[in-house]
Amino acid sequence: MGGKHKQAQRTKNNARPSSSGRSAELLRNSSLVVDFASAKDGSSRILPGFSLSQSEDTESPNNAEFVLLMKKMYKKDSTTKLKALQEFVDLCKRSDSSDVKSVLPQWPHIYSLLAGDIDHRVREASHQAHRQLAVLAKKNIAPYLKVIVGPWFIGQYDTYAPAASAARSAFQEVFPPSKFIEAIIFCQEEIFNYIFDNLINQNVLSNSKNFTPEEMEAKLIRLLVSSLQSYAFYLQQLPITVLKDSEQMNKKLISSGKFWKYSCDKSPLVRSSWYLVLIALCQNAPFLLDEASSQVAHAVFNNLDETDPITLPLVWEAALHALVTIKDIWSQINPQKVVLPKLWRVLQDGGQGNAATIFPNLLPLLSKIPSQILDDREVFYRKFFDSMRNGFKQKSVQLSQSESVAVSVSFIECLRYVVMIHKEEPNFCKTLLFDQLIPVLKTSFTDKRWALSTKALYSQTASLIYSWSKKTSESSCYKDLVLSFWSEISNLIASQIHETEIDFALLSKNHLEFVVCLKNPNRPLKKESLKVTFLEPEQKLDEAGSCSSEVKCWDEEELGHILNLVLHVLDDYTDEIHFSKSPSHVEALVDLILQFNSQELVLKLAENRNEESEDSFTVDNLLMWLQDPAMPISKIIRVLFLLLVQLPAEEKQNILSLLYELNNVVLQWCIVNAISSHYDDPSIKAWLKSSRLADILIRIIKDALNQTLDGHVGTENNFQVTWDLFKRCFSRMSDGDFPVATETLTGILKILSSALQVPPTGADPNLSARFVADLTRALFESDPLVLLLTDTNQGSEHQPAGSVLCKLAVSMFTTCCTGQLQSVALSSSTLALLGSSWQLLISSIAQAFQIQKDINPFLEVVKRFACSVCEMLNGTPWTEGIAMQTVTFMKVSAAHLTDPQQRDSILALLCNTFFLSVMESLESKKWTKDTILDMCLAAEILRNSICTYSEVCVHEGDPEEFLALVTASIYIVTVLTKLQVEESEDDSSNIKFSGSSAQLTDKYSSNIVEALETFTLCKLILLHFKNDVLSTKINPKCKVLKSGIKSLITSMSSADIEQLKNFIISRIGEDKELGFWIIKYLLSDILSDKNVLNIFQNLRSDPHLESLLHFHLIQIFSTLLPGEILQEISSDIVEKLEQPTEGDNQAYDERAWPQGCLSVNLTCLSHKDVCMVIETADFLEACVKGAWMKMLSPQNWDMVLCSVVKWVQHIASVVEDLIWWRSVDHAGLISSIFCLLASIIESIEGDQRESVSHLSDDFISEWRNVYAPEIYHPVIRVFLVMTENKISSSLVWGHIEKLLFEDVVRPVRTIPTGYVKDSPFPFLSDYSGDRKASYLVNKLSAYLQSTEVPLQTGAYHLILKLLPNILAEDMKTVLSDGSDMEKVYEKLSCSHFQEKLSEVQSVVDTMLMDFRDSGHLSSLLFNLFRLLPEHLLHGCSVQINPTSSKKVSSLFEYKLAAEEYDGTVLKFCLL
């Protein structure tokens, strides 16, 4: 489609090189060089490879790489040239001097071409390459300097800044400052000729066929700009003597008409560059313009209305230079036709957007206008100033600060100059004042479009009046002008105040600015800036940003004029306020007084109080305006107190007493202002400390709190005033005292504390808590309150502020610990505010008490916080926040200490203070630990897990009080853990467990071991009393305690852990069994230590342990030891038992063990005998239900059964002796014997019948006919007697009884049905009827509602075994009285039993109501069915879901189909 055809790819292994390769080979093998003569005509596009000639006197570069790169520089493509230049620079850096020197002959031509290239990147690279070459060549470049200096010199003014910078850097590096001018002088002719050729001949554009018209135009503009600017630089650098010597050469350019045409070139860059040349000529070579006056005049004055912002300042600068340099310049033009029309147009248009450039030149221009060209002076000046006034109205001026400032400053400067030169003509000067200055001020007061001009205008006007006032002695004209000004401006302001059409806010603002400028006539203009100014630490604000330069002082007479002006303005405002009642007028009035800030003005206003004029401003006006809430209250009060301090003492008292009647908001402003600005006044100080004001402050804090709780805090401004008020009340003044009475501060703190402790009913606690927290931070953030905090005199009449402040801190601390206020949980943001507030208070208290010197006073504060912790531990559920807040308290208290050792010791002391307080608060409950230990030992004895030295005596009490000790241990462990963890995360930590073991043992080991003791007791309770209510309460606390101990101990070093173990072992002699348990659970639950065996062996080999403790050690650690170790230990024990001591033989001289134990009388046994019987019964139980059963011969069975019969009968005979079986020894005895009996019955009568198949039928018959009646009847008797005498489960023995009942019920469950009816039940002694079974069931039904599960189970089994007898009795009733079925039904035992069961069912249904509704019942049954054996899941089919059905036991069928369960149970799916 007309495009180029693709060239064929080069074939592989083609030996012919590419065109670039061939060219390189050609250059490498030839000595051809560039013929510069061929390029003289400017044909810069002839490539070296095609325009080569032999030259004998010119050498080619030594390095072929230079040849190849220089060839590439002639390429047309800019990228190729750019890469070649970059490679050229790199090659120059790594080449030696001879190779670089060989490049110089060819370089000038290449450089002249590339320095003027179209591409700015190529120009920049060419200058960089030239710099590298010139630096390396050094003096060797001198022969070629005049050839290359032209493009090099003008290249410094390339329009592309990086290219110009590269050329300039090269020039400055080659020619140091001392040689710079010499180099230009040496090459001045070549430089001038190159510039002349570019400006006049422009030969560089002769070869234009390779460029577009746009490129040629851009190249021409760039060439003209750089040539003109470089020529201006050339004129500025050469000395005048050198310029005079080359006058003819330079005049050749100046005389050229083409040179002057550049003043009106269409390119602004060219015009601006040309005016730079003209300015340089006027400054450095004015003699060159002697014959060109006319051209200069027309060039500058014809272009005064230049619109280009770059060229315009140069035009005006050139015009001013021309006026100074060329003497007869005005004669070269007609000012009325050429200059003035353009000048009026520029002024009227406000500089045409260039006022900041033009207007600063007006005064010099005005001073150079000769009087002979002014036909009418008054007309000229009126036209001049009128044009300037019109310039104020232009949008370009009104919307630009720089433009408006330039016009304002220039207007006043020109006015001052005209008055100065005509001071001998007062009338003319007054005309200027009345017709020019006053109208400008009048318009500026009322026109909002002049907003950007007012500050500069007013400041310049003030400076003008000040200048005139200082010259009144020189001429009466100045005095007349000043007086006229004050009179006229006063009348002007008065007339504008009463005009209703004017925007009064704008008017008052401008009046205020004007008056302030008059007071400070030399106040510099402060330009609005968006930049941030940072101050040095020692630099004050006034030094950095305020207008604090030296202020010119008015003399007394002129200051009187200003004061009179202000007083007149105030009176005018007051007069207007009487009619309009406008707050804006009042605000303008008080702003004027405050901003004027003059002591003389305040004195004069204070004197007005004695005047009776209604139109005069007085203090009474301020008091009246304070009654109106719409008025600017804060500003009025500031003025009021300014005037108040100047009044006599009696009048002060009268006015201050009137302030009590003001509303709270106004009074708050008054107090704040009095404290902040006028506290030193004695009358005001006494007023602040008055009791009446104290009552008002208390009322204000209560109102603020109530408004906060109601959600109506008023306006944000008023609430901030209240905040600021109390901050100032709690700030110390210069005399070290507080501005208000100490009792007042105490009352405020009490209100804050009570608001936190008992918030108003119905209010959101978050609001009251946030109010207290925010106000506390505001009050105490900047002041440690030394005076308040050191007042600890508890015997004073009023509670000291320090005590109340401490109480407030404790209240916030307590709230943060519990996370709630009045049982309402607070939000996290509220708690964070409270936390930061009490921490601020504690930090301030600690610093105030200087705890680094003496910590004892501060410990009293610590004890208050510790007491609050004790109350929370005893009265509220445990939360981790209590410990976290305690740790925070300790860290905050010591945070300001810089000595690490001192900080650590103080923190340790604080920690011990908290721990000691907690333990002292629980002193009355420490007995519970011994009681719990006795309970656990009793449980161990009942379960035959351990034997003791002596009988365990259990003391009665409430075991649940042990929970308080568990909570205290959790607290202590959590505090230590938090400190330890935070130490590892923060090097500034305090308590260091990684220190020496001695420090750990001395300070914290006792706390840790005590926590381990508590944890061990918890574990034992959960082990033996798992079905007890006490366990359900201890279990969650035990988990928390375990987690805390584990975190604490595992974070300790190995040495510290070993030290802790040794410490526990050292106390085993004192702790006995508990010590072993502590070691056991420390290893198994806390450390998960695998070296249990080593520790066990070490303990076992300890020679200091008593013999019985060795058995305790084995019994306690048996669950952790491997089987082979237990086998070895058992063998050792057997050996010892086979070798009894002499004492043992004496103790059992009448009977051998164990045969003698089987026939012992249980009613009179010692503790040692009881232990022997228990061990014997447990041994026999193991034999009966274990694999050893078959090893028992009939004779052994006879011995066992006879002994069991005797034991059970002995127990039944003494069971009514409650004291006997309510001892731990006897309870353990009963438990062991009944467990043995249950195992025997289960083996003979139960599912394990096959295990005794080796016994003869005679033995079974003998059991059932002889032994069973002798055993079953006492068992039932024991069960019923113990059931009747069961004690409350809240007592210690009640918990032990539960364990005993579990063992007593075991044989009851296994008694065959036929033996129950004939059993001698205790309550049958008074029954003489024939329905004994019904009577027994009726009695036993009461036990079904017992709170103890074992009793319910036992009663259930007995009733179940009596049911056949009940049916038999009911059958007799039916047969005897069958005629009347209703009467028969009433007599039936089953009907009565059904009523009992219905009562039990209603209780169960009530208990399960919440359980069922919450979905727990469905979950329970679901899990129950999953655990049932498959052979039970038969009997009926119940629809479980639409897609499946399962067989479910008929036991549950009725319940699953019942309507009261809403079918929810049927939704589960059996897997």
# chains A, B, ... in the order shown; residues from 1 in each chain; ligands from 1
$ residues_around --residues "segment 956-965 of chain A" --least-positions-apart "4" --cutoff "9 Å" --atoms "only C-alpha atoms" --output "JSON, numbers by chain"
{"A": [873, 874, 919, 922, 925, 926, 927, 928, 929, 931, 932, 969, 970, 1014, 1030, 1033, 1034, 1037, 1290, 1291, 1292, 1293]}
$ atom_distance --atom1 "atom CA of Arg449 of chain A" --atom2 "atom CA of Leu437 of chain A"
17.9 Å
$ select_by_dssp --residues "segment 442-664 of chain A" --states "alpha helix (DSSP H)" --output "PyMOL selection string"
chain A and resi 442-446+451-470+476-497+504-519+541-545+556-580+583-596+599-607+619-625+633-644+649-659+664
$ closest_residue --among "A:Gln229, A:Asn1035, A:Gln720, A:Thr830" --to "Gln156 of chain A" --atoms "only C-alpha atoms"
A:Gln229
$ residues_around --residues "segment 408-413 of chain A" --least-positions-apart "3" --cutoff "9 Å" --atoms "only C-alpha atoms" --output "list in words"
Phe359, Pro360, Asn361, Leu362, Leu363, Phe385, Met388, Arg389, Phe392, Glu403, Ser404, Val405, Arg416, Tyr417, Val418, Leu437, Ser453, Thr454, Ala456, Leu457, Tyr458, Ser459, Gln460, Thr461 and Leu464 of chain A
$ write_last_selection --atoms "C-alpha atoms" --output "PDB file, in the first residue's frame"
ATOM      1  CA  PHE A 359       3.819  51.126  39.669  1.00  0.00           C
ATOM      2  CA  PRO A 360       7.103  51.012  41.641  1.00  0.00           C
ATOM      3  CA  ASN A 361       8.605  52.891  38.643  1.00  0.00           C
ATOM      4  CA  LEU A 362       6.011  55.680  38.660  1.00  0.00           C
ATOM      5  CA  LEU A 363       7.717  57.805  41.293  1.00  0.00           C
ATOM      6  CA  PHE A 385      -4.044  60.706  40.504  1.00  0.00           C
ATOM      7  CA  MET A 388      -4.421  55.907  39.651  1.00  0.00           C
ATOM      8  CA  ARG A 389      -7.692  55.978  41.613  1.00  0.00           C
ATOM      9  CA  PHE A 392      -7.926  50.744  42.264  1.00  0.00           C
ATOM     10  CA  GLU A 403      -1.112  44.286  42.647  1.00  0.00           C
ATOM     11  CA  SER A 404      -3.244  46.116  45.218  1.00  0.00           C
ATOM     12  CA  VAL A 405      -0.270  46.719  47.509  1.00  0.00           C
ATOM     13  CA  ARG A 416       3.914  62.566  49.218  1.00  0.00           C
ATOM     14  CA  TYR A 417       6.381  63.540  46.491  1.00  0.00           C
ATOM     15  CA  VAL A 418       4.015  66.029  44.849  1.00  0.00           C
ATOM     16  CA  LEU A 437      -6.508  61.087  49.610  1.00  0.00           C
ATOM     17  CA  SER A 453      -5.725  47.217  49.393  1.00  0.00           C
ATOM     18  CA  THR A 454      -6.773  48.468  52.829  1.00  0.00           C
ATOM     19  CA  ALA A 456      -1.222  48.782  52.576  1.00  0.00           C
ATOM     20  CA  LEU A 457      -3.256  51.926  51.991  1.00  0.00           C
ATOM     21  CA  TYR A 458      -3.840  52.593  55.701  1.00  0.00           C
ATOM     22  CA  SER A 459      -0.256  51.820  56.611  1.00  0.00           C
ATOM     23  CA  GLN A 460       1.079  54.166  53.946  1.00  0.00           C
ATOM     24  CA  THR A 461      -1.422  56.846  54.950  1.00  0.00           C
ATOM     25  CA  LEU A 464       2.389  59.908  55.368  1.00  0.00           C
TER      26      LEU A 464
END
$ residues_around --residues "Ala1333 of chain A" --least-positions-apart "3" --cutoff "7 Å" --atoms "only C-alpha atoms" --output "list in words"
Lys1317, Leu1336, Val1337, Leu1362, Asn1365 and Ile1366 of chain A
$ closest_residue --among "A:Asn663, A:Leu481, A:Glu650, A:Asp197" --to "Pro629 of chain A" --atoms "only C-alpha atoms"
A:Asn663
$ residues_around --residues "Glu1369 of chain A" --least-positions-apart "4" --cutoff "12 Å" --atoms "only C-alpha atoms" --output "list in words"
Gly1329, Asp1330, Arg1331, Lys1332, Ala1333, Ser1334, Tyr1335, Leu1362, Leu1363, Pro1364, Asn1365, Thr1373, Val1374, Leu1375, Ser1376, Lys1387, Leu1388, Ser1389 and Cys1390 of chain A
$ write_last_selection --atoms "C-alpha atoms" --output "PDB file, in the first residue's frame"
ATOM      1  CA  GLY A1329     -50.245 -52.500 109.312  1.00  0.00           C
ATOM      2  CA  ASP A1330     -50.273 -55.169 106.620  1.00  0.00           C
ATOM      3  CA  ARG A1331     -49.108 -52.923 103.745  1.00  0.00           C
ATOM      4  CA  LYS A1332     -45.471 -52.740 104.760  1.00  0.00           C
ATOM      5  CA  ALA A1333     -44.127 -52.429 101.192  1.00  0.00           C
ATOM      6  CA  SER A1334     -46.421 -49.500 100.364  1.00  0.00           C
ATOM      7  CA  TYR A1335     -45.390 -47.841 103.591  1.00  0.00           C
ATOM      8  CA  LEU A1362     -40.114 -53.092  96.424  1.00  0.00           C
ATOM      9  CA  LEU A1363     -42.399 -52.729  93.389  1.00  0.00           C
ATOM     10  CA  PRO A1364     -43.302 -56.438  93.162  1.00  0.00           C
ATOM     11  CA  ASN A1365     -44.396 -56.373  96.778  1.00  0.00           C
ATOM     12  CA  THR A1373     -56.858 -54.961  97.755  1.00  0.00           C
ATOM     13  CA  VAL A1374     -58.524 -55.394  94.361  1.00  0.00           C
ATOM     14  CA  LEU A1375     -59.595 -58.942  95.135  1.00  0.00           C
ATOM     15  CA  SER A1376     -61.033 -57.977  98.516  1.00  0.00           C
ATOM     16  CA  LYS A1387     -56.529 -47.408  98.249  1.00  0.00           C
ATOM     17  CA  LEU A1388     -54.015 -48.599  95.674  1.00  0.00           C
ATOM     18  CA  SER A1389     -50.385 -47.911  96.594  1.00  0.00           C
ATOM     19  CA  CYS A1390     -49.522 -47.387  92.927  1.00  0.00           C
TER      20      CYS A1390
END
$ closest_residue --among "A:Ile1114, A:Leu656, A:Val569, A:Ala1342" --to "Phe617 of chain A" --atoms "only C-alpha atoms"
A:Val569
$ atom_distance --atom1 "atom CA of Ile655 of chain A" --atom2 "atom CA of Leu603 of chain A"
17.2 Å
$ closest_residue --among "A:Ile701, A:Ile671, A:Leu1299, A:Val892" --to "Arg943 of chain A" --atoms "only C-alpha atoms"
A:Leu1299
$ residues_around --residues "Leu745 of chain A" --least-positions-apart "3" --cutoff "8 Å" --atoms "only C-alpha atoms" --output "list of chain:residue names"
A:Cys729, A:Phe730, A:Val740, A:Ala741, A:Thr742, A:Ile748, A:Leu749, A:Ala801
$ write_last_selection --atoms "C-alpha atoms" --output "compact mmCIF listing (two decimals), in the first residue's frame"
# COMPACT_ATOMS: atom_id res chain seq x y z
CA CYS A 729 -8.82 27.73 89.09
CA PHE A 730 -6.40 24.84 89.50
CA VAL A 740 -9.42 30.64 94.42
CA ALA A 741 -9.70 29.33 97.97
CA THR A 742 -8.40 25.83 98.72
CA ILE A 748 -14.81 20.61 93.15
CA LEU A 749 -12.75 17.44 93.57
CA ALA A 801 -7.37 18.68 98.85
$ residues_around --residues "Val100 of chain A" --least-positions-apart "2" --cutoff "10 Å" --atoms "only C-alpha atoms" --output "PyMOL selection string"
chain A and resi 61-63+66+91-98+102-104+133-134+136-137+140
$ select_by_dssp --residues "segment 733-895 of chain A" --states "strand (DSSP E)" --output "list in words"
Gln820, Leu821, Val824 and Ala825 of chain A
$ write_last_selection --atoms "N, CA and C atoms" --output "short mmCIF file (atom, residue, chain, number, x, y, z; two decimals), in the first residue's frame"
data_model
loop_
_atom_site.label_atom_id
_atom_site.label_comp_id
_atom_site.auth_asym_id
_atom_site.auth_seq_id
_atom_site.Cartn_x
_atom_site.Cartn_y
_atom_site.Cartn_z
N GLN A 820 -16.62 -1.21 84.66
CA GLN A 820 -18.03 -0.84 84.71
C GLN A 820 -18.27 0.15 85.84
N LEU A 821 -19.38 0.83 85.72
CA LEU A 821 -19.78 1.82 86.71
C LEU A 821 -21.25 1.58 87.03
N VAL A 824 -22.90 -1.11 85.05
CA VAL A 824 -23.05 -0.86 83.62
C VAL A 824 -21.67 -0.83 83.00
N ALA A 825 -21.47 -1.67 81.99
CA ALA A 825 -20.16 -1.73 81.33
C ALA A 825 -19.89 -0.43 80.58
#
